[in-house]
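Asks: Just start.cif, nothing more (mmCIF, C-alpha atoms):
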data_protein
loop_
_atom_site.label_atom_id
_atom_site.label_comp_id
_atom_site.auth_asym_id
_atom_site.auth_seq_id
_atom_site.Cartn_x
_atom_site.Cartn_y
_atom_site.Cartn_z
CA MET A 3 106.47 165.82 65.39
CA ALA A 4 107.98 163.78 68.18
CA ALA A 5 107.68 160.01 67.97
CA SER A 6 105.91 158.95 71.12
CA LEU A 7 105.72 159.47 74.81
CA LEU A 8 107.25 156.06 75.50
CA SER A 9 109.55 155.76 72.51
CA GLU A 10 112.65 156.70 74.46
CA GLY A 11 112.33 153.65 76.70
CA THR A 12 112.84 155.51 79.95
CA ILE A 13 110.38 157.69 81.83
CA PRO A 14 111.32 160.45 84.24
CA LEU A 15 109.07 160.49 87.31
CA HIS A 16 109.24 163.62 89.41
CA THR A 17 108.79 162.80 93.08
CA SER A 18 106.60 165.85 93.64
CA VAL A 19 104.09 164.18 91.29
CA TYR A 20 104.80 160.52 91.86
CA PRO A 21 106.11 159.91 95.40
CA GLU A 22 108.80 157.23 95.72
CA THR A 23 106.57 155.02 97.87
CA CYS A 24 103.93 155.05 95.13
CA ILE A 25 106.50 154.10 92.49
CA ALA A 26 107.64 151.19 94.62
CA LYS A 27 104.08 150.06 95.27
CA ALA A 28 103.11 150.26 91.58
CA ALA A 29 106.24 148.31 90.63
CA GLU A 30 105.30 145.62 93.12
CA THR A 31 101.71 145.44 91.86
CA TYR A 32 102.74 145.24 88.20
CA ARG A 33 105.69 142.89 88.65
CA ALA A 34 103.81 140.11 86.84
CA PHE A 35 103.69 142.31 83.72
CA VAL A 36 106.64 144.70 83.75
CA ALA A 37 110.08 144.90 85.25
CA VAL A 38 110.50 148.38 86.68
CA ASP A 39 114.13 149.47 86.96
CA ILE A 40 115.30 152.76 88.36
CA VAL A 41 118.07 153.57 85.90
CA ALA A 42 119.00 156.93 87.40
CA THR A 43 118.06 159.28 90.17
CA GLU A 44 118.46 162.96 89.56
CA HIS A 45 117.37 165.83 91.74
CA ASP A 46 113.75 165.03 92.71
CA THR A 47 113.40 162.72 89.71
CA GLN A 48 113.57 158.97 89.32
CA ILE A 49 114.20 157.81 85.78
CA ILE A 50 112.71 154.37 85.29
CA SER A 51 112.60 151.85 82.51
CA LEU A 52 109.54 149.70 82.03
CA GLY A 53 110.57 146.34 80.60
CA VAL A 54 107.46 144.47 79.63
CA LEU A 55 107.79 140.73 80.26
CA PRO A 56 107.99 138.53 77.11
CA ALA A 57 104.48 137.13 77.45
CA TYR A 58 103.01 140.61 77.13
CA VAL A 59 105.23 142.20 74.49
CA ALA A 60 102.33 142.41 72.05
CA GLU A 61 100.58 144.75 74.47
CA ALA A 62 103.71 146.50 75.68
CA SER A 63 102.53 150.04 75.02
CA LYS A 64 99.14 149.49 76.62
CA ILE A 65 100.67 147.86 79.71
CA ARG A 66 103.11 150.75 80.15
CA PHE A 67 100.27 153.24 79.94
CA GLU A 68 98.19 151.19 82.37
CA PHE A 69 101.11 151.23 84.76
CA LEU A 70 101.29 155.03 84.53
CA ASN A 71 97.56 155.36 85.15
CA TYR A 72 97.80 153.10 88.18
CA LEU A 73 100.76 155.09 89.44
CA LEU A 74 98.76 158.30 89.05
CA ASP A 75 95.91 156.71 91.00
CA LEU A 76 98.30 155.91 93.86
CA ALA A 77 99.76 159.42 93.75
CA VAL A 78 96.32 161.04 94.02
CA GLN A 79 95.42 158.77 96.94
CA HIS A 80 98.71 159.75 98.57
CA TYR A 81 97.98 163.47 98.29
CA LEU A 82 94.38 163.17 99.39
CA ALA A 83 95.44 161.18 102.46
CA ARG A 84 97.73 164.03 103.48
CA GLN A 85 94.94 166.60 103.40
CA MET B 12 83.33 165.56 86.80
CA SER B 13 82.24 168.38 84.64
CA GLY B 14 83.51 167.61 81.18
CA VAL B 15 83.98 163.90 80.60
CA GLY B 16 80.44 163.42 79.40
CA GLU B 17 81.15 165.82 76.58
CA SER B 18 84.04 163.73 75.30
CA GLU B 19 81.75 161.97 72.86
CA ARG B 20 81.04 165.22 71.10
CA ALA B 21 82.72 165.14 67.71
CA GLY B 22 84.65 167.84 65.98
CA ALA B 23 86.72 169.35 68.75
CA PRO B 24 89.50 171.47 67.28
CA SER B 25 93.06 170.30 67.72
CA PRO B 26 94.46 171.97 70.84
CA GLU B 27 97.88 172.50 69.27
CA LYS B 28 96.21 174.69 66.62
CA ILE B 29 94.21 176.75 69.11
CA LEU B 30 96.37 177.10 72.20
CA PRO B 31 99.35 179.47 72.29
CA ALA B 32 102.49 178.20 70.63
CA GLY B 33 104.40 175.71 72.74
CA VAL B 34 101.54 174.89 75.08
CA ALA B 35 100.41 171.77 73.21
CA GLN B 36 102.57 169.25 71.40
CA ARG B 37 101.35 166.33 69.30
CA PHE B 38 103.15 162.98 69.17
CA GLU B 39 103.16 160.56 66.27
CA ASP B 40 101.17 157.98 68.24
CA GLY B 41 98.32 160.48 68.62
CA SER B 42 99.10 161.45 72.19
CA LEU B 43 99.10 165.11 73.14
CA ARG B 44 101.23 166.94 75.65
CA ILE B 45 100.16 170.21 77.24
CA SER B 46 102.29 172.42 79.45
CA LEU B 47 100.58 173.88 82.49
CA PRO B 48 101.92 176.59 84.81
CA VAL B 49 101.93 175.32 88.39
CA GLU B 50 101.40 178.86 89.66
CA VAL B 51 98.04 179.09 87.90
CA TYR B 52 96.54 175.66 88.48
CA GLY B 53 98.45 174.14 91.39
CA ILE B 54 99.64 170.56 91.54
CA ASP B 55 96.64 169.34 93.54
CA ALA B 56 94.13 170.55 90.97
CA ILE B 57 96.19 169.13 88.11
CA LEU B 58 96.41 165.69 89.72
CA ARG B 59 92.70 165.65 90.53
CA SER B 60 91.75 166.58 86.98
CA CYS B 61 94.06 163.96 85.55
CA TYR B 62 92.68 161.35 87.90
CA TRP B 63 89.12 161.97 86.71
CA LEU B 64 90.19 161.35 83.12
CA THR B 65 91.98 158.05 83.70
CA GLU B 66 88.77 156.21 82.86
CA HIS B 67 88.95 157.56 79.33
CA CYS B 68 92.62 158.00 78.59
CA PHE B 69 96.15 157.14 79.60
CA ILE B 70 97.95 159.96 81.34
CA TYR B 71 101.54 160.74 82.20
CA VAL B 72 102.40 163.76 84.32
CA GLY B 73 105.89 165.19 84.02
CA ARG B 74 107.56 168.11 85.71
CA PRO B 75 110.37 169.48 83.55
CA THR B 76 110.78 172.56 85.76
CA ALA B 77 109.49 173.62 89.16
CA ALA B 78 107.14 176.09 87.50
CA THR B 79 105.72 173.79 84.83
CA ILE B 80 103.83 170.53 84.72
CA GLU B 81 103.45 168.64 81.47
CA VAL B 82 100.44 166.39 81.05
CA THR B 83 100.61 163.86 78.24
CA LEU B 84 97.43 162.04 77.42
CA VAL B 85 96.21 159.62 74.81
CA SER B 86 92.66 158.37 74.44
CA LYS B 87 92.07 154.71 75.22
CA SER B 88 90.13 154.49 71.97
CA GLY B 89 93.30 155.43 70.10
CA ARG B 90 91.47 158.04 68.02
CA PRO B 91 93.23 161.41 67.95
CA ILE B 92 89.90 163.24 67.85
CA ASP B 93 88.99 161.68 71.20
CA THR B 94 92.33 162.77 72.61
CA ASP B 95 91.60 166.31 71.40
CA GLN B 96 88.24 166.35 73.15
CA LEU B 97 89.68 164.88 76.34
CA THR B 98 92.34 167.59 76.33
CA TRP B 99 89.67 170.29 76.23
CA ASP B 100 87.77 168.47 78.95
CA LEU B 101 90.94 168.42 81.03
CA LEU B 102 91.51 172.14 80.56
CA ASN B 103 87.94 172.93 81.59
CA ASP B 104 88.04 170.60 84.55
CA LEU B 105 91.29 172.18 85.72
CA ILE B 106 89.43 175.41 86.38
CA ASP B 107 86.75 173.53 88.27
CA GLN B 108 89.26 171.64 90.39
CA ARG B 109 91.39 174.73 91.02
CA LEU B 110 88.34 176.48 92.40
CA ARG B 111 87.44 173.48 94.55
CA VAL B 112 90.95 173.39 96.03
CA GLN B 113 90.80 177.12 96.74
CA ILE B 114 87.41 176.86 98.46
CA GLN B 115 88.63 173.86 100.42
CA GLU B 116 91.56 175.90 101.72
CA GLU B 117 89.37 178.89 102.54
CA THR B 118 86.86 176.82 104.48
CA ARG B 119 89.32 174.47 106.16
CA SER B 120 88.99 175.96 109.64
CA ILE B 121 85.19 175.95 109.69
CA ARG B 122 85.07 172.37 108.39
CA GLU B 123 87.46 171.28 111.12
CA MET B 124 85.32 173.06 113.70
CA ILE B 125 82.15 171.37 112.45
CA VAL B 126 83.81 167.95 112.54
CA ALA B 127 85.13 168.66 116.03
CA GLN B 128 81.61 169.60 117.15
CA ALA B 129 80.15 166.49 115.55
CA PHE B 130 82.44 164.21 117.54
CA ALA B 131 82.52 166.22 120.76
CA GLU B 132 80.54 165.15 123.84
CA ILE B 133 79.80 168.77 124.73
CA ASP B 134 79.14 171.82 122.60
CA VAL B 135 82.37 173.41 121.47
CA ILE B 136 80.52 176.03 119.46
CA ASP B 137 78.06 178.43 121.04
CA ASP B 138 74.80 179.51 119.42
CA ARG B 139 76.50 182.40 117.66
CA GLY B 140 79.07 180.14 115.98
CA LYS B 141 81.93 181.16 118.29
CA VAL B 142 84.20 178.58 119.86
CA ARG B 143 83.45 178.37 123.60
CA ASP B 144 87.09 178.12 124.65
CA GLU B 145 87.80 181.48 123.07
CA LEU B 146 84.85 183.13 124.80
CA GLU B 147 85.61 181.64 128.18
CA ALA B 148 89.29 182.54 127.97
CA LYS B 149 88.43 186.24 127.77
CA PRO B 150 87.96 188.21 131.00
CA PRO B 151 84.58 189.95 131.37
CA SER B 152 86.15 193.29 130.56
CA ASP B 153 87.01 191.96 127.13
CA ASP B 154 83.35 191.34 126.36
CA PRO B 155 82.56 194.43 124.28
CA GLU B 156 79.05 193.30 123.44
CA GLY B 157 78.20 192.71 127.07
CA ILE B 158 76.95 189.29 126.23
CA ARG B 159 78.19 187.71 129.44
CA GLY B 160 76.05 189.98 131.54
CA TRP B 161 73.00 189.77 129.37
CA ARG B 162 69.90 188.13 130.81
CA PRO B 163 66.48 187.87 129.25
CA VAL B 164 63.92 190.36 130.50
CA SER B 165 61.45 188.55 132.72
#
Will you turn the file into structure tokens for me?

Replies:
Amino acid sequence: MAASLLSEGTIPLHTSVYPETCIAKAAETYRAFVAVDIVATEHDTQIISLGVLPAYVAEASKIRFEFLNYLLDLAVQHYLARQ
Amino acid sequence: MSGVGESERAGAPSPEKILPAGVAQRFEDGSLRISLPVEVYGIDAILRSCYWLTEHCFIYVGRPTAATIEVTLVSKSGRPIDTDQLTWDLLNDLIDQRLRVQIQEETRSIREMIVAQAFAEIDVIDDRGKVRDELEAKPPSDDPEGIRGWRPVS
């Protein structure tokens, strides 16, 4: 059994799911909680690290998941706006 | 949303025990990852279904290959049994959303025509549902039903 979704510390975000503009907007919105760094960019994928700020380390996992949910929300809005 | 209300139902079987091998994978923190073929569900339907579940769980959508999307979800309650139920809800809702997307595509032109009519100052659709521009562009000889020459009997 694998450890956890977020145990590796980095998260690959495929741009066909999470557009780059949405990633940037989510990073800006959550900058008070997490530091979002793009550690690598592969073909159609941005690999990011979510460094939770010291004040919120106790809730690190929850904040990372909240960030991903918010990012998904932005992505869905993005796709619906195109239709 | 068709299935979220059922998420409180207890006793849902673990998806990794029911689904074909390799489709579902359990993590130690209780989260569950399912692999979905893009060809079957489509990315729009997958995103819509995931969106509807964000009230109840945390979701990450990955795309390891062009043909596959992996959805990883974990219940906000932290209970694995809730994650199991939400996974089944997601799988059911995927069918619903896929159908909605398909119907939306099939009816796109008529919806656009209705919206155009709603905002137009003159009728763009005649009484038989045909667009006026198309009818008027045809010469009389191309009027096989003889509608242009028809007059009510007085």

Asks: For the file shown, what are the residues hit by the PyMOL selection byres ((chain A and resi 64) around 12), laid out as number ranges by chain?

Replies: A: 8, 35-36, 52, 54, 58-63, 65-71; B: 68-70, 85-89

Asks: Using only C-alpha atoms, what table do you get, as a Markdown table, when you list each residue of chain B with an atom no more than 9 Å from chain A, its nearest pair of atoms, and their distance in Å rounded to one decimal, rows by chain then rising number?

Replies:
| residue | atom | partner | partner_atom | distance |
| --- | --- | --- | --- | --- |
| B:Gln36 | CA | A:Met3 | CA | 7.9 |
| B:Arg37 | CA | A:Met3 | CA | 6.5 |
| B:Phe38 | CA | A:Ala4 | CA | 5.0 |
| B:Glu39 | CA | A:Ala5 | CA | 4.9 |
| B:Asp40 | CA | A:Ser6 | CA | 5.6 |
| B:Gly41 | CA | A:Ser6 | CA | 8.1 |
| B:Ser42 | CA | A:Ser6 | CA | 7.3 |
| B:Leu43 | CA | A:Leu7 | CA | 8.9 |
| B:Arg44 | CA | A:Leu7 | CA | 8.8 |
| B:Ile54 | CA | A:Val19 | CA | 7.8 |
| B:Asp55 | CA | A:Tyr81 | CA | 7.7 |
| B:Leu58 | CA | A:Val78 | CA | 6.3 |
| B:Arg59 | CA | A:Val78 | CA | 6.8 |
| B:Cys61 | CA | A:Leu74 | CA | 8.1 |
| B:Tyr62 | CA | A:Asp75 | CA | 6.4 |
| B:Thr65 | CA | A:Asn71 | CA | 6.4 |
| B:Cys68 | CA | A:Asn71 | CA | 8.6 |
| B:Phe69 | CA | A:Phe67 | CA | 5.7 |
| B:Ile70 | CA | A:Asn71 | CA | 6.0 |
| B:Tyr71 | CA | A:Leu70 | CA | 6.2 |
| B:Val72 | CA | A:Val19 | CA | 7.2 |
| B:Gly73 | CA | A:His16 | CA | 6.5 |
| B:Arg74 | CA | A:His16 | CA | 6.1 |
| B:Pro75 | CA | A:His16 | CA | 8.4 |
| B:Thr83 | CA | A:Leu7 | CA | 7.6 |
| B:Lys87 | CA | A:Lys64 | CA | 8.9 |

Asks: First collect every listed atom of range 70-79 of chain A; then fit an axis-aligned box around them, widen it by 3 Å on each side, and give centre and edge lengths in Å to one decimal, as AutoDock Vina command-line options.

Replies:
--center_x 98.4 --center_y 157.1 --center_z 90.7 --size_x 11.9 --size_y 13.9 --size_z 18.4

Asks: Might you spell out which residues the PyMOL selection byres ((chain B and resi 47) around 8) would select in the displayed file, as a VMD selection string?

Replies: chain B and resid 34 45 to 46 48 to 49 51 to 52 79 to 82

Asks: For CA of His45 in chain A and CA of Gly11 in chain A, quote the distance in Å rounded to one decimal.

Replies: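 One can read the CA of His45 in chain A to CA of Gly11 in chain A distance as 20.0 Å.
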
Asks: Separation of CA of Glu66 in chain B and CA of Ala26 in chain A, in Å?

Replies: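 Pair CA of Glu66 in chain B / CA of Ala26 in chain A returns 22.8 Å.
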